[in-house]
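So this one's target-v4.cif, mmCIF, C-alpha atoms:
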```cif
data_query
loop_
_atom_site.label_atom_id
_atom_site.label_comp_id
_atom_site.auth_asym_id
_atom_site.auth_seq_id
_atom_site.Cartn_x
_atom_site.Cartn_y
_atom_site.Cartn_z
CA MET A 1 59.56 216.24 91.17
CA ASP A 2 55.83 216.60 91.54
CA GLN A 3 54.34 219.65 93.17
CA LYS A 4 53.14 217.98 96.34
CA LYS A 5 56.57 216.56 96.99
CA THR A 6 58.25 219.90 96.36
CA ALA A 7 55.88 221.55 98.80
CA TYR A 8 56.36 218.85 101.43
CA LEU A 9 60.15 218.94 101.23
CA GLY A 10 60.16 222.73 101.56
CA LEU A 11 57.72 222.55 104.44
CA PHE A 12 59.72 219.93 106.33
CA ALA A 13 63.03 221.66 105.72
CA ALA A 14 61.45 224.78 107.22
CA ILE A 15 60.08 222.81 110.17
CA ALA A 16 63.47 221.21 110.75
CA ILE A 17 65.10 224.65 110.77
CA ILE A 18 62.55 226.00 113.26
CA PHE A 19 63.02 222.93 115.47
CA GLY A 20 66.77 223.49 115.34
CA TYR A 21 66.23 227.04 116.55
CA VAL A 22 63.71 226.06 119.23
CA GLU A 23 66.12 223.45 120.48
CA SER A 24 68.92 225.98 120.80
CA LEU A 25 66.64 227.86 123.24
CA ILE A 26 65.91 224.85 125.47
CA PRO A 27 68.53 224.48 128.17
CA PHE A 28 68.29 220.70 127.90
CA PHE A 29 71.79 220.31 129.13
CA ALA A 30 72.73 217.96 131.94
CA GLY A 31 76.38 218.91 131.88
CA ILE A 32 76.94 216.64 128.91
CA PRO A 33 77.82 218.48 125.72
CA GLY A 34 75.79 217.24 122.76
CA MET A 35 72.84 216.03 124.82
CA LYS A 36 69.63 217.30 123.27
CA LEU A 37 66.14 216.31 122.20
CA GLY A 38 66.78 215.92 118.49
CA LEU A 39 63.49 217.52 117.47
CA ALA A 40 64.75 218.15 113.95
CA ASN A 41 64.97 214.41 113.43
CA LEU A 42 61.16 214.38 113.48
CA ALA A 43 61.16 216.11 110.09
CA VAL A 44 63.92 213.88 108.72
CA LEU A 45 62.13 210.72 109.89
CA PHE A 46 58.89 211.87 108.31
CA VAL A 47 60.55 212.53 104.96
CA LEU A 48 62.47 209.24 105.17
CA GLU A 49 59.20 207.41 105.76
CA ARG A 50 57.32 209.17 102.94
CA TYR A 51 60.08 209.31 100.34
CA THR A 52 63.62 207.90 100.17
CA TRP A 53 66.92 208.53 101.89
CA LYS A 54 67.83 211.06 99.19
CA GLU A 55 65.00 213.41 100.12
CA ALA A 56 65.79 212.91 103.82
CA ALA A 57 69.45 213.77 103.19
CA LEU A 58 68.41 216.89 101.26
CA VAL A 59 66.18 218.14 104.10
CA SER A 60 68.93 217.35 106.60
CA LEU A 61 71.60 219.23 104.61
CA VAL A 62 69.43 222.30 104.11
CA ARG A 63 68.67 222.36 107.84
CA ILE A 64 72.30 221.99 108.91
CA PHE A 65 73.59 224.76 106.70
CA VAL A 66 70.77 227.21 107.41
CA VAL A 67 70.84 226.63 111.19
CA GLY A 68 74.64 226.55 111.15
CA PHE A 69 75.00 229.89 109.38
CA LEU A 70 72.21 231.56 111.35
CA PHE A 71 72.91 230.39 114.88
CA GLY A 72 76.17 228.44 114.86
CA ASN A 73 79.63 228.53 113.39
CA GLY A 74 81.98 226.44 111.28
CA SER A 75 82.68 223.88 113.96
CA SER A 76 79.03 223.44 114.88
CA ILE A 77 78.26 222.71 111.20
CA MET A 78 80.98 220.06 111.20
CA TYR A 79 79.54 218.34 114.27
CA SER A 80 76.01 218.47 112.88
CA LEU A 81 77.13 217.02 109.56
CA ALA A 82 78.95 214.14 111.24
CA GLY A 83 76.01 213.35 113.48
CA ALA A 84 73.45 213.66 110.69
CA ALA A 85 75.45 211.61 108.17
CA LEU A 86 76.06 208.67 110.51
CA SER A 87 72.53 208.82 111.87
CA LEU A 88 70.93 208.86 108.41
CA ALA A 89 73.13 206.00 107.20
CA VAL A 90 72.23 203.89 110.23
CA MET A 91 68.52 204.78 110.00
CA VAL A 92 68.34 203.83 106.32
CA PHE A 93 70.15 200.56 107.05
CA VAL A 94 67.90 199.46 109.93
CA LYS A 95 64.79 200.56 108.04
CA ASN A 96 65.51 198.86 104.72
CA LYS A 97 67.78 195.96 105.63
CA VAL A 98 66.65 195.06 109.14
CA GLY A 99 63.00 196.06 108.73
CA PHE A 100 62.60 198.26 111.79
CA GLY A 101 59.52 200.44 112.28
CA HIS A 102 59.49 204.10 113.37
CA LEU A 103 60.54 203.48 116.96
CA GLY A 104 63.52 201.29 116.17
CA VAL A 105 64.66 203.60 113.35
CA SER A 106 64.34 206.66 115.56
CA VAL A 107 66.25 205.11 118.48
CA ALA A 108 69.02 203.86 116.18
CA GLY A 109 69.18 207.35 114.66
CA GLY A 110 69.33 209.10 118.03
CA VAL A 111 72.14 206.95 119.38
CA SER A 112 74.19 207.01 116.18
CA HIS A 113 73.79 210.79 115.90
CA ASN A 114 75.41 211.21 119.31
CA ILE A 115 78.15 208.70 118.54
CA GLY A 116 78.86 210.47 115.23
CA GLN A 117 79.36 213.80 116.98
CA LEU A 118 81.60 212.19 119.57
CA MET A 119 83.67 210.70 116.75
CA VAL A 120 84.40 214.23 115.52
CA ALA A 121 85.11 215.58 119.00
CA ILE A 122 87.84 213.01 119.64
CA PRO A 123 90.19 213.95 116.77
CA ALA A 124 89.31 217.65 117.23
CA THR A 125 90.55 217.61 120.81
CA HIS A 126 93.03 214.70 120.49
CA THR A 127 91.40 213.21 123.58
CA VAL A 128 90.27 209.59 123.23
CA GLY A 129 89.09 209.55 126.86
CA LEU A 130 86.03 211.57 125.81
CA LEU A 131 84.55 208.41 124.30
CA TYR A 132 84.79 206.55 127.59
CA TYR A 133 83.48 209.44 129.62
CA TYR A 134 80.63 210.70 127.42
CA ALA A 135 79.47 207.69 125.38
CA PRO A 136 77.39 206.02 128.15
CA ALA A 137 75.40 209.17 128.94
CA LEU A 138 74.95 210.05 125.27
CA MET A 139 73.78 206.50 124.51
CA VAL A 140 71.12 206.59 127.23
CA SER A 141 69.95 210.01 126.07
CA GLY A 142 69.94 208.78 122.46
CA VAL A 143 67.64 205.88 123.34
CA VAL A 144 65.26 207.99 125.44
CA THR A 145 64.98 210.93 123.03
CA GLY A 146 64.88 208.49 120.10
CA LEU A 147 61.83 206.77 121.60
CA LEU A 148 60.14 210.12 122.19
CA ILE A 149 60.80 211.38 118.65
CA GLY A 150 59.77 207.98 117.25
CA VAL A 151 56.38 208.15 118.97
CA LEU A 152 55.90 211.74 117.78
CA THR A 153 56.80 210.78 114.21
CA ARG A 154 54.30 207.92 114.24
CA GLU A 155 51.53 210.28 115.38
CA VAL A 156 52.46 212.92 112.80
CA LEU A 157 52.54 210.31 110.00
CA LYS A 158 49.04 209.17 110.99
CA ARG A 159 47.68 212.70 110.81
CA ILE A 160 49.31 214.10 107.68
CA PRO A 161 47.98 212.54 104.48
CA MET B 1 56.49 197.65 117.84
CA LYS B 2 58.02 194.57 116.28
CA LYS B 3 59.70 191.98 118.48
CA LYS B 4 63.18 192.58 117.04
CA GLU B 5 62.81 196.33 117.61
CA PHE B 6 61.79 195.70 121.19
CA ILE B 7 64.83 193.48 121.73
CA PHE B 8 67.13 196.02 120.03
CA ILE B 9 65.88 198.97 122.07
CA GLY B 10 65.82 196.99 125.31
CA ALA B 11 69.34 195.62 124.81
CA LEU B 12 70.71 199.04 123.82
CA LEU B 13 69.16 200.65 126.87
CA ALA B 14 70.41 197.90 129.19
CA VAL B 15 73.97 198.10 127.81
CA SER B 16 74.09 201.89 128.02
CA VAL B 17 72.67 201.99 131.57
CA LEU B 18 75.25 199.38 132.65
CA LEU B 19 78.00 201.47 131.02
CA CYS B 20 76.71 204.52 132.89
CA VAL B 21 76.84 202.68 136.21
CA TYR B 22 80.33 201.46 135.45
CA VAL B 23 81.71 204.82 134.34
CA TYR B 24 79.85 207.27 136.59
CA VAL B 25 78.77 205.40 139.72
CA LEU B 26 81.46 202.86 140.59
CA PRO B 27 84.41 204.39 142.42
CA HIS B 28 87.59 204.74 140.42
CA VAL B 29 90.92 206.30 141.22
CA LYS B 30 90.93 209.49 143.22
CA TYR B 31 91.86 212.50 141.12
CA GLY B 32 94.21 214.96 142.75
CA SER B 33 95.21 217.14 139.85
CA ILE B 34 94.04 218.34 136.46
CA GLN B 35 95.69 218.37 133.11
CA ILE B 36 94.89 221.04 130.53
CA THR B 37 95.48 220.43 126.84
CA VAL B 38 94.98 222.83 123.95
CA ASP B 39 94.61 221.26 120.52
CA GLY B 40 96.16 218.04 121.82
CA GLU B 41 99.23 219.80 123.23
CA LEU B 42 99.80 219.68 126.99
CA TYR B 43 99.27 223.16 128.41
CA GLY B 44 99.95 222.34 132.03
CA THR B 45 99.24 220.14 135.03
CA TYR B 46 97.84 221.74 138.17
CA SER B 47 97.08 220.45 141.65
CA LEU B 48 93.47 220.59 142.76
CA GLY B 49 94.72 221.27 146.30
CA LYS B 50 95.80 224.81 145.56
CA ASP B 51 93.21 227.50 144.78
CA GLN B 52 94.18 229.47 141.70
CA VAL B 53 92.93 231.09 138.53
CA ILE B 54 94.53 229.79 135.35
CA ALA B 55 94.43 231.64 132.05
CA ILE B 56 94.49 229.14 129.20
CA GLY B 57 96.05 231.00 126.29
CA ASP B 58 93.91 234.05 125.62
CA THR B 59 90.72 232.11 124.95
CA ASN B 60 89.69 230.50 128.26
CA VAL B 61 90.06 230.98 131.99
CA CYS B 62 89.47 228.29 134.60
CA GLU B 63 89.49 228.49 138.35
CA ILE B 64 90.50 225.90 140.94
CA LYS B 65 88.58 226.41 144.17
CA ASN B 66 87.90 224.04 147.09
CA GLY B 67 89.40 221.09 145.24
CA GLU B 68 87.32 221.58 142.09
CA VAL B 69 87.97 223.22 138.76
CA LYS B 70 85.44 225.14 136.68
CA MET B 71 85.72 227.00 133.42
CA THR B 72 84.95 230.61 134.28
CA GLU B 73 85.58 232.43 131.01
CA ALA B 74 85.55 231.51 127.35
CA ASN B 75 85.45 233.59 124.18
CA CYS B 76 83.44 231.04 122.18
CA PRO B 77 79.83 231.78 121.19
CA ASP B 78 78.03 228.98 123.06
CA HIS B 79 79.85 228.97 126.42
CA LEU B 80 78.97 225.30 126.85
CA CYS B 81 82.25 224.66 128.64
CA MET B 82 81.27 227.12 131.36
CA LYS B 83 78.04 225.21 131.95
CA GLN B 84 79.77 221.87 132.39
CA PRO B 85 79.94 220.62 135.96
CA ALA B 86 83.08 221.18 138.01
CA VAL B 87 85.78 218.51 137.87
CA GLY B 88 86.89 217.41 141.34
CA SER B 89 88.25 214.29 142.98
CA ALA B 90 85.83 212.10 140.98
CA GLY B 91 87.54 213.12 137.75
CA GLY B 92 85.89 213.92 134.44
CA TYR B 93 86.27 216.38 131.62
CA ILE B 94 85.49 219.96 130.76
CA VAL B 95 85.64 220.47 127.01
CA CYS B 96 85.57 223.70 125.01
CA LEU B 97 85.17 222.39 121.48
CA PRO B 98 85.52 225.66 119.54
CA ASN B 99 88.86 226.43 121.24
CA LYS B 100 89.91 222.76 121.48
CA VAL B 101 90.60 223.16 125.19
CA VAL B 102 90.26 220.04 127.35
CA ILE B 103 90.53 219.97 131.14
CA GLN B 104 90.69 216.47 132.54
CA GLY B 105 91.12 214.98 135.99
CA GLU B 106 94.35 213.13 136.66
CA GLY B 107 94.75 210.17 139.00
CA GLU B 108 96.72 210.70 142.19
CA GLY B 109 98.97 207.67 141.81
CA ASP B 110 99.37 207.95 138.04
CA ALA B 111 102.91 207.66 136.82
CA ASP B 112 103.10 210.85 134.84
CA PRO B 113 105.69 210.75 132.07
CA GLN B 114 105.71 214.55 132.03
CA ASP B 115 106.89 214.69 135.64
CA SER B 116 109.89 212.40 135.33
CA ASP B 117 112.85 214.16 133.83
CA GLY B 118 112.88 213.40 130.13
CA GLY B 119 116.64 213.03 129.74
CA PHE B 120 117.07 210.57 132.60
CA ASP B 121 117.21 207.41 130.51
CA ALA B 122 120.16 208.67 128.51
CA VAL B 123 122.33 209.42 131.53
CA VAL B 124 122.71 205.77 132.64
#
```

Reformat the file's structure so that it appears as structure tokens.
Amino acid sequence: MDQKKTAYLGLFAAIAIIFGYVESLIPFFAGIPGMKLGLANLAVLFVLERYTWKEAALVSLVRIFVVGFLFGNGSSIMYSLAGAALSLAVMVFVKNKVGFGHLGVSVAGGVSHNIGQLMVAIPATHTVGLLYYYAPALMVSGVVTGLLIGVLTREVLKRIP
Amino acid sequence: MKKKEFIFIGALLAVSVLLCVYVYVLPHVKYGSIQITVDGELYGTYSLGKDQVIAIGDTNVCEIKNGEVKMTEANCPDHLCMKQPAVGSAGGYIVCLPNKVVIQGEGEGDADPQDSDGGFDAVV
């Protein structure tokens, strides 16, 4: 690993952790559990764009465990992992196989992150009805926040060499 | 933005908005009672017509008042369940993920298998 890459990965893992903390302070909560901005995905998208899915997964994992142990608990780590794993898999697929740009990748990531978390909530509570009741709202929020984060990522990519 | 991205995002948004309208806006059955489950097990069914405070195990407390139920106490760290909107006649869910507690609205006319006496079939 060259030095610039090492520095960048450390920097973006740190940024992702700070975003995770900042987000826990924002009461962006419309009565729907799991609805949030997804700021940390900005760092993951940046790394995914600059390097490969492996580096993006590394940054994502570091963030989840650090944020989870500092501000969350075992179950919040489980939800984050499910959301992040599905979202990264979908983002890599639409980026490499479908040829989406930042906006499409970000939107696909936002929606699949929410669906991934819902997929863990259903067996955890044994309540399938949650999918019917929460999926529509979480899908809309995934598209909207995905667009926002996609635009931000594009601007950041332009400005960081 | 590429054309296929535009179509993807537009279609996804359209589908999810339509789903929202279908699930949240269109009238469904009227909910007259709530069902509480803990870790998938039925904890109890309660009428929304009667004001009462229900202790759910020793982790959560919910309160039925004016035909609506709200989570009023929870021992989990995030207290997200207490911030979820009240469940009334329109139905819906209140979920406490850490404690695996789910409160859900129940339809008025629903045939509830829990209500009918379990042993009845065998007596014939």

Contacts of B:Met1 at 9 Å (all atoms listed in the file; same-chain gap of 5+ positions) as a compact mmCIF listing (two decimals) with C-alpha atoms, in the frame of the given file:
```txt
# COMPACT_ATOMS: atom_id res chain seq x y z
CA PHE A 100 62.60 198.26 111.79
CA GLY A 101 59.52 200.44 112.28
CA HIS A 102 59.49 204.10 113.37
CA LEU A 103 60.54 203.48 116.96
CA GLY A 104 63.52 201.29 116.17
CA PHE B 6 61.79 195.70 121.19
```

Proximal residues of chain A relative to chain B (all atoms listed in the file; 9 Å) as a count of residues only: 38

Interatomic distance, atom CA of A:Ala40 to atom CA of A:Gly20 (Å, one decimal):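 Atom CA of A:Ala40 sits 5.9 Å away from atom CA of A:Gly20.
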
Pairwise distance for atom CA of B:Gly32 and atom CA of B:Ala74, rounded to one decimal in Å: 24.2 Å

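Reported to one decimal place, the separation of atom CA of A:Ser112 from atom CA of A:Leu9 is 23.7 Å.
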
Hits from the PyMOL selection byres ((chain A and resi 56) around 10), listed as a PyMOL selection string: chain A and resi 9+12-13+41+43-55+57-61+88+92

Save out the residues we just selected, C-alpha atoms, as a short mmCIF file (atom, residue, chain, number, x, y, z; two decimals), in the coordinates of the input.
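The resulting file, result.cif, is shown below:
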```cif
data_model
loop_
_atom_site.label_atom_id
_atom_site.label_comp_id
_atom_site.auth_asym_id
_atom_site.auth_seq_id
_atom_site.Cartn_x
_atom_site.Cartn_y
_atom_site.Cartn_z
CA LEU A 9 60.15 218.94 101.23
CA PHE A 12 59.72 219.93 106.33
CA ALA A 13 63.03 221.66 105.72
CA ASN A 41 64.97 214.41 113.43
CA ALA A 43 61.16 216.11 110.09
CA VAL A 44 63.92 213.88 108.72
CA LEU A 45 62.13 210.72 109.89
CA PHE A 46 58.89 211.87 108.31
CA VAL A 47 60.55 212.53 104.96
CA LEU A 48 62.47 209.24 105.17
CA GLU A 49 59.20 207.41 105.76
CA ARG A 50 57.32 209.17 102.94
CA TYR A 51 60.08 209.31 100.34
CA THR A 52 63.62 207.90 100.17
CA TRP A 53 66.92 208.53 101.89
CA LYS A 54 67.83 211.06 99.19
CA GLU A 55 65.00 213.41 100.12
CA ALA A 57 69.45 213.77 103.19
CA LEU A 58 68.41 216.89 101.26
CA VAL A 59 66.18 218.14 104.10
CA SER A 60 68.93 217.35 106.60
CA LEU A 61 71.60 219.23 104.61
CA LEU A 88 70.93 208.86 108.41
CA VAL A 92 68.34 203.83 106.32
#
```

Residues returned when the PyMOL selection byres ((chain A and resi 37) around 9) runs on this file, as a list in words: Glu23, Phe28, Met35, Lys36, Gly38, Leu39, Ala40, Gly110, Ser141, Gly142, Val144, Thr145, Gly146, Leu148 and Ile149 of chain A

Selection dump of the PyMOL selection byres ((chain B and resi 46-63) around 9), as a PyMOL selection string: chain B and resi 31-36+38+43-45+64-76+82+88-89+96+99+101

A:Leu118 surroundings by only C-alpha atoms, 7 Å radius, close-in-sequence under 4 positions cut, as an MDAnalysis selection string: chainID A and resid 114 122 131

As AutoDock Vina command-line options: centre and edge lengths in Å, one decimal, of the axis-aligned box holding stretch 41-44 of chain B with 8 Å per side:
```
--center_x 99.6 --center_y 221.4 --center_z 127.6 --size_x 16.7 --size_y 19.5 --size_z 24.8
```

Taking the structure I provided as the source, export stretch 27-123 of chain B with C-alpha atoms, as a short mmCIF file (atom, residue, chain, number, x, y, z; two decimals), in the first residue's frame.
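Output contents, as saved in part13.cif:
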```cif
data_model
loop_
_atom_site.label_atom_id
_atom_site.label_comp_id
_atom_site.auth_asym_id
_atom_site.auth_seq_id
_atom_site.Cartn_x
_atom_site.Cartn_y
_atom_site.Cartn_z
CA PRO B 27 -57.91 4.02 3.92
CA HIS B 28 -57.59 0.47 5.15
CA VAL B 29 -59.36 -1.42 7.88
CA LYS B 30 -60.13 0.42 11.07
CA TYR B 31 -57.94 -0.70 13.95
CA GLY B 32 -59.70 -1.14 17.26
CA SER B 33 -57.10 -2.94 19.30
CA ILE B 34 -53.38 -3.49 19.59
CA GLN B 35 -51.31 -6.60 19.82
CA ILE B 36 -48.01 -6.66 21.70
CA THR B 37 -45.36 -9.24 20.92
CA VAL B 38 -42.02 -9.77 22.63
CA ASP B 39 -39.41 -11.67 20.64
CA GLY B 40 -42.14 -13.03 18.37
CA GLU B 41 -44.23 -14.34 21.26
CA LEU B 42 -47.69 -12.84 21.79
CA TYR B 43 -47.65 -10.81 24.99
CA GLY B 44 -51.24 -9.65 24.90
CA THR B 45 -54.06 -8.02 22.95
CA TYR B 46 -55.59 -4.83 24.30
CA SER B 47 -58.54 -2.69 23.24
CA LEU B 48 -57.76 0.86 22.21
CA GLY B 49 -61.12 1.89 23.70
CA LYS B 50 -59.99 1.49 27.28
CA ASP B 51 -57.37 3.85 28.75
CA GLN B 52 -54.68 1.92 30.56
CA VAL B 53 -50.98 1.66 31.25
CA ILE B 54 -49.41 -1.64 30.24
CA ALA B 55 -46.06 -2.85 31.53
CA ILE B 56 -44.41 -5.03 28.91
CA GLY B 57 -42.16 -7.37 30.85
CA ASP B 58 -39.74 -5.24 32.83
CA THR B 59 -38.25 -3.49 29.81
CA ASN B 60 -41.01 -1.30 28.34
CA VAL B 61 -44.19 0.50 29.36
CA CYS B 62 -46.87 1.69 26.96
CA GLU B 63 -49.98 3.71 27.59
CA ILE B 64 -53.35 3.62 25.85
CA LYS B 65 -55.04 7.02 26.01
CA ASN B 66 -57.85 8.52 23.91
CA GLY B 67 -57.83 5.60 21.50
CA GLU B 68 -54.09 5.74 20.84
CA VAL B 69 -51.12 3.86 22.20
CA LYS B 70 -47.66 5.29 22.84
CA MET B 71 -44.52 3.79 24.28
CA THR B 72 -43.86 5.76 27.45
CA GLU B 73 -40.89 3.97 28.97
CA ALA B 74 -38.05 1.83 27.68
CA ASN B 75 -34.76 0.75 29.20
CA CYS B 76 -32.88 0.69 25.89
CA PRO B 77 -30.17 3.28 25.16
CA ASP B 78 -31.70 5.04 22.15
CA HIS B 79 -35.36 5.34 23.18
CA LEU B 80 -36.36 5.37 19.52
CA CYS B 81 -39.56 3.50 20.31
CA MET B 82 -40.70 6.34 22.55
CA LYS B 83 -40.25 8.81 19.70
CA GLN B 84 -42.36 6.81 17.27
CA PRO B 85 -45.80 8.25 16.59
CA ALA B 86 -48.81 6.92 18.48
CA VAL B 87 -50.70 4.00 16.96
CA GLY B 88 -54.44 4.67 16.74
CA SER B 89 -57.33 3.66 14.53
CA ALA B 90 -55.16 4.02 11.40
CA GLY B 91 -52.95 1.17 12.58
CA GLY B 92 -49.18 0.96 12.35
CA TYR B 93 -46.28 -0.23 14.42
CA ILE B 94 -44.17 0.83 17.37
CA VAL B 95 -40.95 -1.15 17.45
CA CYS B 96 -38.32 -1.36 20.18
CA LEU B 97 -35.55 -3.22 18.42
CA PRO B 98 -33.14 -3.72 21.35
CA ASN B 99 -35.89 -5.35 23.46
CA LYS B 100 -37.62 -6.98 20.46
CA VAL B 101 -40.95 -5.48 21.51
CA VAL B 102 -43.49 -4.82 18.75
CA ILE B 103 -46.82 -3.06 19.23
CA GLN B 104 -49.07 -3.31 16.21
CA GLY B 105 -52.59 -2.20 15.38
CA GLU B 106 -55.17 -4.92 14.90
CA GLY B 107 -58.15 -4.75 12.58
CA GLU B 108 -61.60 -4.52 14.14
CA GLY B 109 -63.18 -7.30 12.11
CA ASP B 110 -60.12 -9.55 12.06
CA ALA B 111 -60.81 -13.14 12.92
CA ASP B 112 -58.32 -13.55 15.71
CA PRO B 113 -57.22 -17.15 16.23
CA GLN B 114 -56.11 -16.25 19.75
CA ASP B 115 -59.65 -15.26 20.72
CA SER B 116 -61.43 -18.42 19.64
CA ASP B 117 -61.04 -21.19 22.16
CA GLY B 118 -58.15 -23.35 21.03
CA GLY B 119 -59.66 -26.70 21.99
CA PHE B 120 -62.96 -26.15 20.20
CA ASP B 121 -62.17 -28.15 17.07
CA ALA B 122 -61.49 -31.29 19.07
CA VAL B 123 -64.83 -31.27 20.89
#
```
